[in-house]
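K.L.:
Below is coords-v6.cif; it holds mmCIF, C-alpha atoms; chains and numbers go by the auth columns.
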```cif
data_run
loop_
_atom_site.group_PDB
_atom_site.id
_atom_site.type_symbol
_atom_site.label_atom_id
_atom_site.label_comp_id
_atom_site.label_asym_id
_atom_site.label_seq_id
_atom_site.Cartn_x
_atom_site.Cartn_y
_atom_site.Cartn_z
_atom_site.B_iso_or_equiv
_atom_site.auth_seq_id
_atom_site.auth_asym_id
ATOM 1 C CA MET A 1 -91.349 -16.738 -84.350 0.00 130 A
ATOM 2 C CA THR A 2 -94.613 -15.177 -83.145 0.00 131 A
ATOM 3 C CA LYS A 3 -93.829 -16.126 -79.521 0.00 132 A
ATOM 4 C CA TYR A 4 -90.461 -14.405 -79.853 0.00 133 A
ATOM 5 C CA LYS A 5 -92.041 -11.189 -81.254 0.00 134 A
ATOM 6 C CA ASN A 6 -94.619 -11.118 -78.442 0.00 135 A
ATOM 7 C CA PHE A 7 -91.856 -11.659 -75.898 0.00 136 A
ATOM 8 C CA LEU A 8 -89.815 -8.764 -77.394 0.00 137 A
ATOM 9 C CA LYS A 9 -92.865 -6.452 -77.511 0.00 138 A
ATOM 10 C CA LYS A 10 -93.661 -7.059 -73.853 0.00 139 A
ATOM 11 C CA ASN A 11 -90.063 -6.654 -72.731 0.00 140 A
ATOM 12 C CA MET A 12 -89.522 -3.548 -74.857 0.00 141 A
ATOM 13 C CA ARG A 13 -92.559 -1.911 -73.217 0.00 142 A
ATOM 14 C CA ASP A 14 -91.150 -2.776 -69.791 0.00 143 A
ATOM 15 C CA LEU A 15 -87.702 -1.551 -70.809 0.00 144 A
ATOM 16 C CA LYS A 16 -89.128 1.771 -72.112 0.00 145 A
ATOM 17 C CA LEU A 17 -91.101 2.258 -68.909 0.00 146 A
ATOM 18 C CA PHE A 18 -87.947 1.570 -66.876 0.00 147 A
ATOM 19 C CA PHE A 19 -85.935 4.185 -68.818 0.00 148 A
ATOM 20 C CA VAL A 20 -88.711 6.801 -68.541 0.00 149 A
ATOM 21 C CA ILE A 21 -88.867 6.331 -64.757 0.00 150 A
ATOM 22 C CA PHE A 22 -85.066 6.312 -64.531 0.00 151 A
ATOM 23 C CA LEU A 23 -84.811 9.591 -66.488 0.00 152 A
ATOM 24 C CA LEU A 24 -87.514 11.243 -64.357 0.00 153 A
ATOM 25 C CA PHE A 25 -85.652 10.367 -61.158 0.00 154 A
ATOM 26 C CA THR A 26 -82.316 11.453 -62.600 0.00 155 A
ATOM 27 C CA PHE A 27 -83.444 14.842 -63.906 0.00 156 A
ATOM 28 C CA GLY A 28 -85.802 15.424 -60.994 0.00 157 A
ATOM 29 C CA SER A 29 -82.883 14.956 -58.612 0.00 158 A
ATOM 30 C CA ILE A 30 -80.665 17.315 -60.594 0.00 159 A
ATOM 31 C CA TYR A 31 -83.341 20.019 -60.634 0.00 160 A
ATOM 32 C CA ALA A 32 -84.079 19.586 -56.939 0.00 161 A
ATOM 33 C CA HIS A 33 -80.485 20.508 -56.059 0.00 162 A
ATOM 34 C CA LYS A 34 -80.174 23.468 -58.390 0.00 163 A
ATOM 35 C CA ASP A 35 -79.290 26.786 -56.770 0.00 164 A
ATOM 36 C CA ARG A 36 -80.985 30.072 -57.467 0.00 165 A
ATOM 37 C CA GLY A 37 -78.699 33.004 -58.270 0.00 166 A
ATOM 38 C CA GLU A 38 -79.598 36.690 -58.049 0.00 167 A
ATOM 39 C CA TYR A 39 -77.789 39.772 -59.257 0.00 168 A
ATOM 40 C CA PRO A 40 -78.427 43.053 -57.426 0.00 169 A
ATOM 41 C CA ASP A 41 -81.452 45.162 -58.212 0.00 170 A
ATOM 42 C CA SER A 42 -79.618 48.362 -57.270 0.00 171 A
ATOM 43 C CA ILE A 43 -76.412 49.538 -55.607 0.00 172 A
ATOM 44 C CA LYS A 44 -76.061 52.676 -53.483 0.00 173 A
ATOM 45 C CA PHE A 45 -72.490 53.982 -53.219 0.00 174 A
ATOM 46 C CA ILE A 46 -71.473 56.515 -50.564 0.00 175 A
ATOM 47 C CA PHE A 47 -68.074 58.051 -51.226 0.00 176 A
ATOM 48 C CA ILE A 48 -65.618 59.662 -48.829 0.00 177 A
ATOM 49 C CA ASP A 49 -66.444 63.119 -50.278 0.00 178 A
ATOM 50 C CA LYS A 50 -70.130 62.487 -49.236 0.00 179 A
ATOM 51 C CA GLU A 51 -71.282 61.961 -52.830 0.00 180 A
ATOM 52 C CA VAL A 52 -74.103 59.404 -53.048 0.00 181 A
ATOM 53 C CA LEU A 53 -74.690 57.478 -56.268 0.00 182 A
ATOM 54 C CA ILE A 54 -77.519 54.979 -56.775 0.00 183 A
ATOM 55 C CA LEU A 55 -77.279 52.743 -59.834 0.00 184 A
ATOM 56 C CA SER A 56 -79.454 49.905 -61.078 0.00 185 A
ATOM 57 C CA TYR A 57 -77.636 46.704 -61.924 0.00 186 A
ATOM 58 C CA ASP A 58 -78.192 47.215 -65.646 0.00 187 A
ATOM 59 C CA ASP A 59 -76.955 50.837 -65.626 0.00 188 A
ATOM 60 C CA ALA A 60 -74.184 51.271 -68.209 0.00 189 A
ATOM 61 C CA ARG A 61 -72.149 53.372 -65.721 0.00 190 A
ATOM 62 C CA LEU A 62 -71.906 50.608 -63.090 0.00 191 A
ATOM 63 C CA GLU A 63 -68.801 48.862 -64.402 0.00 192 A
ATOM 64 C CA LYS A 64 -66.926 52.157 -64.861 0.00 193 A
ATOM 65 C CA VAL A 65 -67.778 53.274 -61.291 0.00 194 A
ATOM 66 C CA CYS A 66 -66.705 49.864 -59.919 0.00 195 A
ATOM 67 C CA ASP A 67 -63.392 50.071 -61.808 0.00 196 A
ATOM 68 C CA GLU A 68 -62.769 53.546 -60.381 0.00 197 A
ATOM 69 C CA ILE A 69 -63.345 52.183 -56.864 0.00 198 A
ATOM 70 C CA VAL A 70 -61.157 49.099 -57.368 0.00 199 A
ATOM 71 C CA PHE A 71 -58.264 51.053 -58.866 0.00 200 A
ATOM 72 C CA GLY A 72 -58.373 53.778 -56.183 0.00 201 A
ATOM 73 C CA LYS A 73 -59.677 56.686 -58.265 0.00 202 A
ATOM 74 C CA ARG A 74 -62.721 56.992 -55.968 0.00 203 A
ATOM 75 C CA LYS A 75 -62.743 56.270 -52.222 0.00 204 A
ATOM 76 C CA LEU A 76 -65.776 54.423 -50.944 0.00 205 A
ATOM 77 C CA THR A 77 -67.111 54.541 -47.384 0.00 206 A
ATOM 78 C CA GLU A 78 -70.232 52.408 -47.853 0.00 207 A
ATOM 79 C CA ALA A 79 -72.099 50.359 -50.417 0.00 208 A
ATOM 80 C CA HIS A 80 -75.643 49.035 -50.033 0.00 209 A
ATOM 81 C CA VAL A 81 -76.521 46.281 -52.491 0.00 210 A
ATOM 82 C CA THR A 82 -80.257 45.584 -52.711 0.00 211 A
ATOM 83 C CA TYR A 83 -81.886 42.467 -54.187 0.00 212 A
ATOM 84 C CA LYS A 84 -85.444 42.067 -55.518 0.00 213 A
ATOM 85 C CA THR A 85 -85.987 39.369 -52.883 0.00 214 A
ATOM 86 C CA GLY A 86 -85.482 41.886 -50.044 0.00 215 A
ATOM 87 C CA GLU A 87 -81.949 41.081 -48.889 0.00 216 A
ATOM 88 C CA VAL A 88 -79.451 43.936 -48.579 0.00 217 A
ATOM 89 C CA ILE A 89 -75.669 43.459 -48.489 0.00 218 A
ATOM 90 C CA THR A 90 -73.826 46.320 -46.809 0.00 219 A
ATOM 91 C CA ALA A 91 -70.076 46.860 -47.075 0.00 220 A
ATOM 92 C CA LYS A 92 -68.268 49.572 -45.111 0.00 221 A
ATOM 93 C CA PHE A 93 -64.764 50.880 -45.729 0.00 222 A
ATOM 94 C CA ASN A 94 -62.317 53.148 -43.932 0.00 223 A
ATOM 95 C CA GLY A 95 -61.097 54.576 -47.222 0.00 224 A
ATOM 96 C CA GLU A 96 -58.845 51.594 -47.991 0.00 225 A
ATOM 97 C CA ASP A 97 -59.937 48.409 -46.220 0.00 226 A
ATOM 98 C CA CYS A 98 -63.276 46.637 -45.803 0.00 227 A
ATOM 99 C CA THR A 99 -64.241 47.105 -42.134 0.00 228 A
ATOM 100 C CA SER A 100 -67.694 45.507 -42.206 0.00 229 A
ATOM 101 C CA LEU A 101 -69.676 43.263 -44.505 0.00 230 A
ATOM 102 C CA SER A 102 -73.160 42.020 -43.712 0.00 231 A
ATOM 103 C CA ILE A 103 -76.338 40.710 -45.246 0.00 232 A
ATOM 104 C CA LEU A 104 -79.673 41.896 -43.870 0.00 233 A
ATOM 105 C CA TYR A 105 -83.209 40.663 -44.314 0.00 234 A
ATOM 106 C CA LYS A 106 -85.896 42.500 -42.347 0.00 235 A
ATOM 107 C CA ASP A 107 -84.402 42.694 -38.820 0.00 236 A
ATOM 108 C CA LYS A 108 -81.900 39.815 -39.094 0.00 237 A
ATOM 109 C CA ARG A 109 -78.285 40.660 -40.005 0.00 238 A
ATOM 110 C CA VAL A 110 -75.413 38.169 -40.422 0.00 239 A
ATOM 111 C CA PHE A 111 -71.671 38.794 -40.821 0.00 240 A
ATOM 112 C CA PRO A 112 -68.625 36.816 -41.973 0.00 241 A
ATOM 113 C CA ASP A 113 -65.802 36.394 -39.435 0.00 242 A
ATOM 114 C CA GLN A 114 -63.700 39.491 -38.784 0.00 243 A
ATOM 115 C CA ASN A 115 -60.477 37.699 -39.854 0.00 244 A
ATOM 116 C CA ILE A 116 -62.028 37.166 -43.313 0.00 245 A
ATOM 117 C CA LEU A 117 -62.726 40.902 -43.713 0.00 246 A
ATOM 118 C CA LYS A 118 -59.015 41.651 -43.383 0.00 247 A
ATOM 119 C CA LYS A 119 -58.388 39.562 -46.500 0.00 248 A
ATOM 120 C CA ILE A 120 -61.058 41.223 -48.654 0.00 249 A
ATOM 121 C CA LYS A 121 -59.588 43.853 -50.948 0.00 250 A
ATOM 122 C CA GLU A 122 -61.269 45.838 -53.724 0.00 251 A
ATOM 123 C CA ILE A 123 -64.739 44.335 -54.176 0.00 252 A
ATOM 124 C CA HIS A 124 -66.055 44.429 -57.752 0.00 253 A
ATOM 125 C CA PHE A 125 -69.670 45.308 -56.892 0.00 254 A
ATOM 126 C CA SER A 126 -70.783 44.741 -60.496 0.00 255 A
ATOM 127 C CA THR A 127 -70.075 41.001 -59.998 0.00 256 A
ATOM 128 C CA LEU A 128 -71.712 40.554 -56.582 0.00 257 A
ATOM 129 C CA THR A 129 -74.250 37.701 -56.569 0.00 258 A
ATOM 130 C CA LEU A 130 -76.355 35.963 -53.974 0.00 259 A
ATOM 131 C CA SER A 131 -77.229 32.278 -54.418 0.00 260 A
ATOM 132 C CA TRP A 132 -79.245 29.735 -52.422 0.00 261 A
ATOM 133 C CA SER A 133 -81.366 26.602 -52.782 0.00 262 A
ATOM 134 C CA SER A 134 -84.045 27.019 -55.451 0.00 263 A
ATOM 135 C CA ASN A 135 -86.535 25.410 -53.055 0.00 264 A
ATOM 136 C CA TYR A 136 -86.867 28.794 -51.288 0.00 265 A
ATOM 137 C CA ASP A 137 -88.042 32.262 -52.360 0.00 266 A
ATOM 138 C CA ARG A 138 -85.350 34.131 -50.405 0.00 267 A
ATOM 139 C CA ALA A 139 -81.797 33.429 -49.333 0.00 268 A
ATOM 140 C CA PHE A 140 -82.642 33.923 -45.649 0.00 269 A
ATOM 141 C CA PHE A 141 -85.292 31.189 -45.754 0.00 270 A
ATOM 142 C CA SER A 142 -82.858 28.646 -47.228 0.00 271 A
ATOM 143 C CA SER A 143 -80.685 26.398 -45.061 0.00 272 A
ATOM 144 C CA TYR A 144 -77.666 27.856 -46.879 0.00 273 A
ATOM 145 C CA PHE A 145 -76.703 30.802 -49.066 0.00 274 A
ATOM 146 C CA THR A 146 -73.553 32.143 -50.704 0.00 275 A
ATOM 147 C CA ILE A 147 -72.306 35.653 -51.430 0.00 276 A
ATOM 148 C CA SER A 148 -69.932 35.716 -54.401 0.00 277 A
ATOM 149 C CA PHE A 149 -67.898 38.535 -55.978 0.00 278 A
ATOM 150 C CA ASP A 150 -64.704 39.261 -57.884 0.00 279 A
ATOM 151 C CA MET A 151 -61.958 40.906 -55.845 0.00 280 A
ATOM 152 C CA GLY A 152 -58.682 42.710 -56.302 0.00 281 A
ATOM 153 C CA ALA A 153 -56.909 44.733 -58.945 0.00 282 A
ATOM 154 C CA GLU A 154 -54.672 41.932 -60.264 0.00 283 A
ATOM 155 C CA ARG A 155 -55.924 39.597 -62.975 0.00 284 A
ATOM 156 C CA PHE A 156 -54.829 35.998 -63.399 0.00 285 A
ATOM 157 C CA TYR A 157 -55.205 34.768 -66.989 0.00 286 A
ATOM 158 C CA ASP A 158 -57.477 37.777 -67.633 0.00 287 A
ATOM 159 C CA GLU A 159 -59.758 36.963 -64.645 0.00 288 A
ATOM 160 C CA PHE A 160 -59.985 38.532 -61.190 0.00 289 A
ATOM 161 C CA PRO A 161 -60.032 36.173 -58.180 0.00 290 A
ATOM 162 C CA ASN A 162 -63.552 35.220 -57.092 0.00 291 A
ATOM 163 C CA VAL A 163 -64.514 35.159 -53.395 0.00 292 A
ATOM 164 C CA GLN A 164 -67.309 32.979 -52.056 0.00 293 A
ATOM 165 C CA LEU A 165 -68.685 33.506 -48.548 0.00 294 A
ATOM 166 C CA PHE A 166 -70.789 30.579 -47.315 0.00 295 A
ATOM 167 C CA PHE A 167 -73.526 30.774 -44.682 0.00 296 A
ATOM 168 C CA GLU A 168 -75.432 27.845 -43.167 0.00 297 A
ATOM 169 C CA LYS A 169 -78.597 28.422 -41.156 0.00 298 A
ATOM 170 C CA GLN A 170 -77.847 32.166 -41.218 0.00 299 A
ATOM 171 C CA VAL A 171 -74.387 31.694 -39.668 0.00 300 A
ATOM 172 C CA PHE A 172 -71.096 32.240 -41.517 0.00 301 A
ATOM 173 C CA SER A 173 -69.432 28.866 -42.196 0.00 302 A
ATOM 174 C CA LYS A 174 -66.437 29.366 -44.525 0.00 303 A
ATOM 175 C CA ALA A 175 -64.807 31.494 -47.215 0.00 304 A
ATOM 176 C CA GLU A 176 -63.019 30.437 -50.382 0.00 305 A
ATOM 177 C CA VAL A 177 -61.134 32.294 -53.075 0.00 306 A
ATOM 178 C CA TRP A 178 -60.847 30.935 -56.624 0.00 307 A
ATOM 179 C CA LYS A 179 -58.049 32.027 -58.964 0.00 308 A
ATOM 180 C CA GLN A 180 -57.571 31.289 -62.629 0.00 309 A
ATOM 181 C CA ILE A 181 -54.365 29.187 -62.873 0.00 310 A
ATOM 182 C CA SER A 182 -54.464 28.462 -66.595 0.00 311 A
ATOM 183 C CA LYS A 183 -56.580 29.356 -69.594 0.00 312 A
ATOM 184 C CA ASN A 184 -59.080 26.606 -68.732 0.00 313 A
ATOM 185 C CA GLY A 185 -58.461 25.937 -65.038 0.00 314 A
ATOM 186 C CA LYS A 186 -59.210 27.449 -61.627 0.00 315 A
ATOM 187 C CA GLN A 187 -57.845 26.639 -58.203 0.00 316 A
ATOM 188 C CA GLY A 188 -59.702 27.238 -54.958 0.00 317 A
ATOM 189 C CA SER A 189 -58.370 27.713 -51.443 0.00 318 A
ATOM 190 C CA LYS A 190 -59.696 28.715 -48.040 0.00 319 A
ATOM 191 C CA MET A 191 -59.376 32.365 -47.113 0.00 320 A
#
```
Just give me the structure as structure tokens.

P.N.:
Amino acid sequence: MTKYKNFLKKNMRDLKLFFVIFLLFTFGSIYAHKDRGEYPDSIKFIFIDKEVLILSYDDARLEKVCDEIVFGKRKLTEAHVTYKTGEVITAKFNGEDCTSLSILYKDKRVFPDQNILKKIKEIHFSTLTLSWSSNYDRAFFSSYFTISFDMGAERFYDEFPNVQLFFEKQVFSKAEVWKQISKNGKQGSKM
């Protein structure tokens, strides 16, 4: 019986060591592929009547102003969305449609394809996020980054469609839109 207990003790130690190493590799791998997400630090709105409004992301007025823009009560000509990491997203409008969308860091500016801009309607600036690999301090240093925001005036199951613009190596790669199709389900498609 003593031989059996010694055998179990030795194998249990080896088995514990195996599971500890296995868990470290598993959770280390999950963490290594985690993306970093940033909300804006501030948003500067320029309206068609030349009014300029600068709001921090946590300003209580932001959602109301965004709703007024989306539902046509205020006409926007430009919006400059600034992040703590230094990136700035600029959107320009002709009163109705988005005519330009770009992300700038220092002197480098990148754009999505022009045919994508035609499909972008009513950006909810209060939902605009920037995400990239957590291995990097800034989106522009990462091999990929994504701009995400809610869009449109029509809700589907109480949610607005969500647009995701993907960039790889600072070049636009694709765009997707996700719509709520049921209480617990979403469906994505290319824009």

K.L.:
Name the closest residue to A:Ala268 among the candidates A:Val217, A:Ile175, A:Val306, A:Ala282; distances are taken between atoms, counting all atoms listed in the file.

P.N.:
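Result for the nearest residue to A:Ala268: A:Val217.
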
K.L.:
Taking into account all atoms listed in the file, which residue in the set A:Glu251, A:Ser260, A:Asn223, A:Cys195 is nearest to A:Tyr168?

P.N.:
A:Ser260

K.L.:
Env of stretch 241-249 of chain A: 10 Å cut, atoms = only C-alpha atoms, seq-sep filter 2 positions within chain, self excluded. Answer as a PyMOL selection string.

P.N.:
chain A and resi 226-232+239+251-252+280-281+292+294-296+300-306+319-320

K.L.:
Figure out the distance between atom CA of A:Thr256 and atom CA of A:Leu182, please, to one decimal in Å.

P.N.:
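These atoms are spaced 17.5 Å apart.
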
K.L.:
Take the PyMOL selection byres ((chain A and resi 204) around 9), apply it to the structure above, and return the hits as an MDAnalysis selection string.

P.N.:
chainID A and resid 175:178 197:199 201:203 205:206 222:225

K.L.:
What separation in Å, quoted to one decimal, exists between atom CA of A:Trp307 and atom CA of A:Phe254?

P.N.:
16.9 Å

K.L.:
Starting from the shown file, work through the PyMOL selection byres ((chain A and resi 259) around 9) and note down what comes out as an MDAnalysis selection string.

P.N.:
chainID A and resid 165:169 212 257:258 260:261 268 274:277

K.L.:
Can I get the selected residues back with C-alpha atoms, as a short mmCIF file (atom, residue, chain, number, x, y, z; two decimals), in the frame of the given file?

P.N.:
```cif
data_model
loop_
_atom_site.label_atom_id
_atom_site.label_comp_id
_atom_site.auth_asym_id
_atom_site.auth_seq_id
_atom_site.Cartn_x
_atom_site.Cartn_y
_atom_site.Cartn_z
CA ARG A 165 -80.98 30.07 -57.47
CA GLY A 166 -78.70 33.00 -58.27
CA GLU A 167 -79.60 36.69 -58.05
CA TYR A 168 -77.79 39.77 -59.26
CA PRO A 169 -78.43 43.05 -57.43
CA TYR A 212 -81.89 42.47 -54.19
CA LEU A 257 -71.71 40.55 -56.58
CA THR A 258 -74.25 37.70 -56.57
CA SER A 260 -77.23 32.28 -54.42
CA TRP A 261 -79.24 29.74 -52.42
CA ALA A 268 -81.80 33.43 -49.33
CA PHE A 274 -76.70 30.80 -49.07
CA THR A 275 -73.55 32.14 -50.70
CA ILE A 276 -72.31 35.65 -51.43
CA SER A 277 -69.93 35.72 -54.40
#
```

K.L.:
Enter the distance from atom CA of A:Lys298 to atom CA of A:Tyr273, in Å, rounded to one decimal.

P.N.:
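Between these atoms lies a distance of 5.8 Å.
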